[in-house]
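*Asks:* Take a look at entry_14.txt, compact mmCIF, C-alpha atoms:
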# COMPACT_ATOMS: atom_id res chain seq x y z
CA MET N 1 -20.26 -75.55 -9.63
CA ARG N 2 -17.97 -74.26 -12.38
CA VAL N 3 -18.65 -74.59 -16.09
CA ALA N 4 -15.62 -75.29 -18.29
CA PHE N 5 -15.46 -75.08 -22.06
CA GLU N 6 -12.68 -75.98 -24.49
CA MET N 7 -12.83 -75.58 -28.26
CA LYS N 8 -10.35 -75.98 -31.10
CA VAL N 9 -10.82 -74.10 -34.35
CA VAL N 10 -8.71 -75.38 -37.24
CA CYS N 11 -8.36 -72.73 -39.93
CA SER N 12 -7.43 -73.26 -43.57
CA GLY N 13 -3.94 -71.87 -42.93
CA ARG N 14 -1.63 -70.03 -40.54
CA GLU N 15 -2.48 -66.65 -42.05
CA VAL N 16 -6.20 -67.15 -41.48
CA ALA N 17 -5.58 -68.32 -37.90
CA ALA N 18 -3.40 -65.28 -37.18
CA LYS N 19 -6.05 -62.92 -38.54
CA LEU N 20 -8.82 -64.62 -36.55
CA GLU N 21 -6.68 -64.37 -33.40
CA LYS N 22 -6.08 -60.67 -34.07
CA VAL N 23 -9.79 -60.00 -34.69
CA LEU N 24 -10.97 -61.84 -31.57
CA GLY N 25 -8.28 -60.50 -29.21
CA PRO N 26 -9.71 -57.02 -28.52
CA ASP N 27 -13.25 -58.36 -28.10
CA ASN N 28 -12.13 -60.83 -25.46
CA GLY N 29 -9.87 -58.44 -23.60
CA ARG N 30 -12.40 -57.55 -20.88
CA VAL N 31 -13.50 -60.78 -19.22
CA PRO N 32 -15.68 -60.69 -16.08
CA HIS N 33 -13.57 -60.93 -12.90
CA ASP N 34 -14.79 -64.43 -11.98
CA GLN N 35 -14.44 -65.87 -15.49
CA ARG N 36 -11.25 -67.23 -17.02
CA PHE N 37 -10.65 -67.04 -20.76
CA LEU N 38 -7.60 -68.20 -22.69
CA MET N 39 -6.93 -68.13 -26.43
CA LYS N 40 -3.76 -69.73 -27.86
CA ARG N 41 -2.67 -70.18 -31.46
CA ASN N 42 -0.48 -72.99 -32.73
CA GLY N 43 0.01 -72.88 -36.49
CA ARG N 44 -3.41 -72.98 -38.07
CA THR N 45 -5.21 -74.02 -34.87
CA LEU N 46 -6.74 -71.73 -32.26
CA LEU N 47 -7.52 -73.18 -28.83
CA PHE N 48 -10.10 -71.50 -26.62
CA GLU N 49 -10.51 -72.34 -22.94
CA MET N 50 -13.08 -70.71 -20.70
CA ASN N 51 -14.49 -71.43 -17.25
CA SER N 52 -16.91 -69.64 -15.00
CA PRO N 53 -18.86 -70.23 -11.79
CA ARG N 54 -21.95 -68.80 -13.50
CA PRO N 55 -23.44 -71.22 -16.11
CA LEU N 56 -25.58 -68.61 -17.90
CA SER N 57 -22.67 -66.21 -18.18
CA ALA N 58 -20.46 -69.01 -19.52
CA LEU N 59 -23.09 -69.97 -22.08
CA GLY N 60 -23.40 -66.33 -23.17
CA SER N 61 -19.63 -66.07 -23.60
CA VAL N 62 -19.49 -69.27 -25.66
CA GLU N 63 -22.39 -68.11 -27.83
CA SER N 64 -20.70 -64.75 -28.41
CA LEU N 65 -17.43 -66.44 -29.34
CA LEU N 66 -19.15 -68.75 -31.83
CA ASN N 67 -21.02 -65.79 -33.37
CA ASP N 68 -17.78 -63.83 -33.75
CA ILE N 69 -16.03 -66.79 -35.39
CA ASN N 70 -18.95 -67.29 -37.77
CA LEU N 71 -18.99 -63.58 -38.68
CA PHE N 72 -15.23 -63.69 -39.35
CA LYS N 73 -15.73 -66.74 -41.58
CA GLU N 74 -18.46 -65.00 -43.58
CA VAL N 75 -16.47 -61.79 -44.00
CA TRP N 76 -13.27 -63.74 -44.85
CA LEU N 77 -15.09 -65.79 -47.51
CA LEU N 78 -16.68 -62.69 -49.04
CA SER N 79 -13.37 -60.85 -49.22
CA SER N 80 -11.46 -63.76 -50.81
Could the structure of this file be written out as structure tokens, please?
*Replies:*
Amino acid sequence: MRVAFEMKVVCSGREVAAKLEKVLGPDNGRVPHDQRFLMKRNGRTLLFEMNSPRPLSALGSVESLLNDINLFKEVWLLSS
């Protein structure tokens, strides 16, 4: 069994999306060998795709991604 996850994040603008992409890139550079992770940006939208043969690992990766996005949102709002 493989677990697949797809998520779109629509930011308030292209600049915000570009900064979120830049912030998340280094953190997601080292993906486990059996997991696939893809992040693409189109304008103000970021698309995340991830799949893994290990459900708990996939869930942990999704949770980490959501936490990182939420932290970015909080820091971005505080700095604006």
*Asks:* Set the distance at 12 Å and use only C-alpha atoms: which residues neighbour Lys19 of chain N once local chain neighbours fewer than 4 positions away are removed? I'd like the list as a PyMOL selection string.
*Replies:* chain N and resi 11-15+23-25+41+43-46+69+72-73+75-76
*Asks:* My list of candidates is N:Ala58, N:Met7, N:Val16, N:Leu71. Which is closest to Lys40 of chain N when distances are computed with all atoms listed in the file?
*Replies:* N:Met7
*Asks:* List every protein, DNA or RNA residue that has at least one atom no more than 12 Å from (-14.3, -74.2, -20.8) in the file's coordinates, counting all atoms listed in the file, and write the result as a short mmCIF file (atom, residue, chain, number, x, y, z; two decimals) with C-alpha atoms, keeping the file's coordinate frame.
*Replies:*
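The resulting result.cif:
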data_model
loop_
_atom_site.label_atom_id
_atom_site.label_comp_id
_atom_site.auth_asym_id
_atom_site.auth_seq_id
_atom_site.Cartn_x
_atom_site.Cartn_y
_atom_site.Cartn_z
CA ARG N 2 -17.97 -74.26 -12.38
CA VAL N 3 -18.65 -74.59 -16.09
CA ALA N 4 -15.62 -75.29 -18.29
CA PHE N 5 -15.46 -75.08 -22.06
CA GLU N 6 -12.68 -75.98 -24.49
CA MET N 7 -12.83 -75.58 -28.26
CA LYS N 8 -10.35 -75.98 -31.10
CA GLN N 35 -14.44 -65.87 -15.49
CA ARG N 36 -11.25 -67.23 -17.02
CA PHE N 37 -10.65 -67.04 -20.76
CA LEU N 38 -7.60 -68.20 -22.69
CA MET N 39 -6.93 -68.13 -26.43
CA LEU N 47 -7.52 -73.18 -28.83
CA PHE N 48 -10.10 -71.50 -26.62
CA GLU N 49 -10.51 -72.34 -22.94
CA MET N 50 -13.08 -70.71 -20.70
CA ASN N 51 -14.49 -71.43 -17.25
CA SER N 52 -16.91 -69.64 -15.00
CA PRO N 53 -18.86 -70.23 -11.79
CA ARG N 54 -21.95 -68.80 -13.50
CA PRO N 55 -23.44 -71.22 -16.11
CA SER N 57 -22.67 -66.21 -18.18
CA ALA N 58 -20.46 -69.01 -19.52
CA LEU N 59 -23.09 -69.97 -22.08
CA SER N 61 -19.63 -66.07 -23.60
CA VAL N 62 -19.49 -69.27 -25.66
CA LEU N 65 -17.43 -66.44 -29.34
#
*Asks:* Return as AutoDock Vina command-line options the box centre and box size in Å, one decimal, for an axis-aligned box around all listed atoms of segment 66-75 of chain N padded by 6 Å per side.
*Replies:*
--center_x -18.1 --center_y -65.3 --center_z -37.9 --size_x 17.8 --size_y 19.0 --size_z 24.2
*Asks:* In Å to one decimal, how far is atom CA of Asp68 of chain N from atom CA of Glu21 of chain N?
*Replies:* 11.1 Å
*Asks:* Check the smallest atom-to-atom distance from each of N:Val31, N:Leu20, N:Gly60, N:Met1 to Glu74 of chain N using only C-alpha atoms, then report the winner.
*Replies:*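 Closest to Glu74 of chain N of all the choices is N:Leu20.
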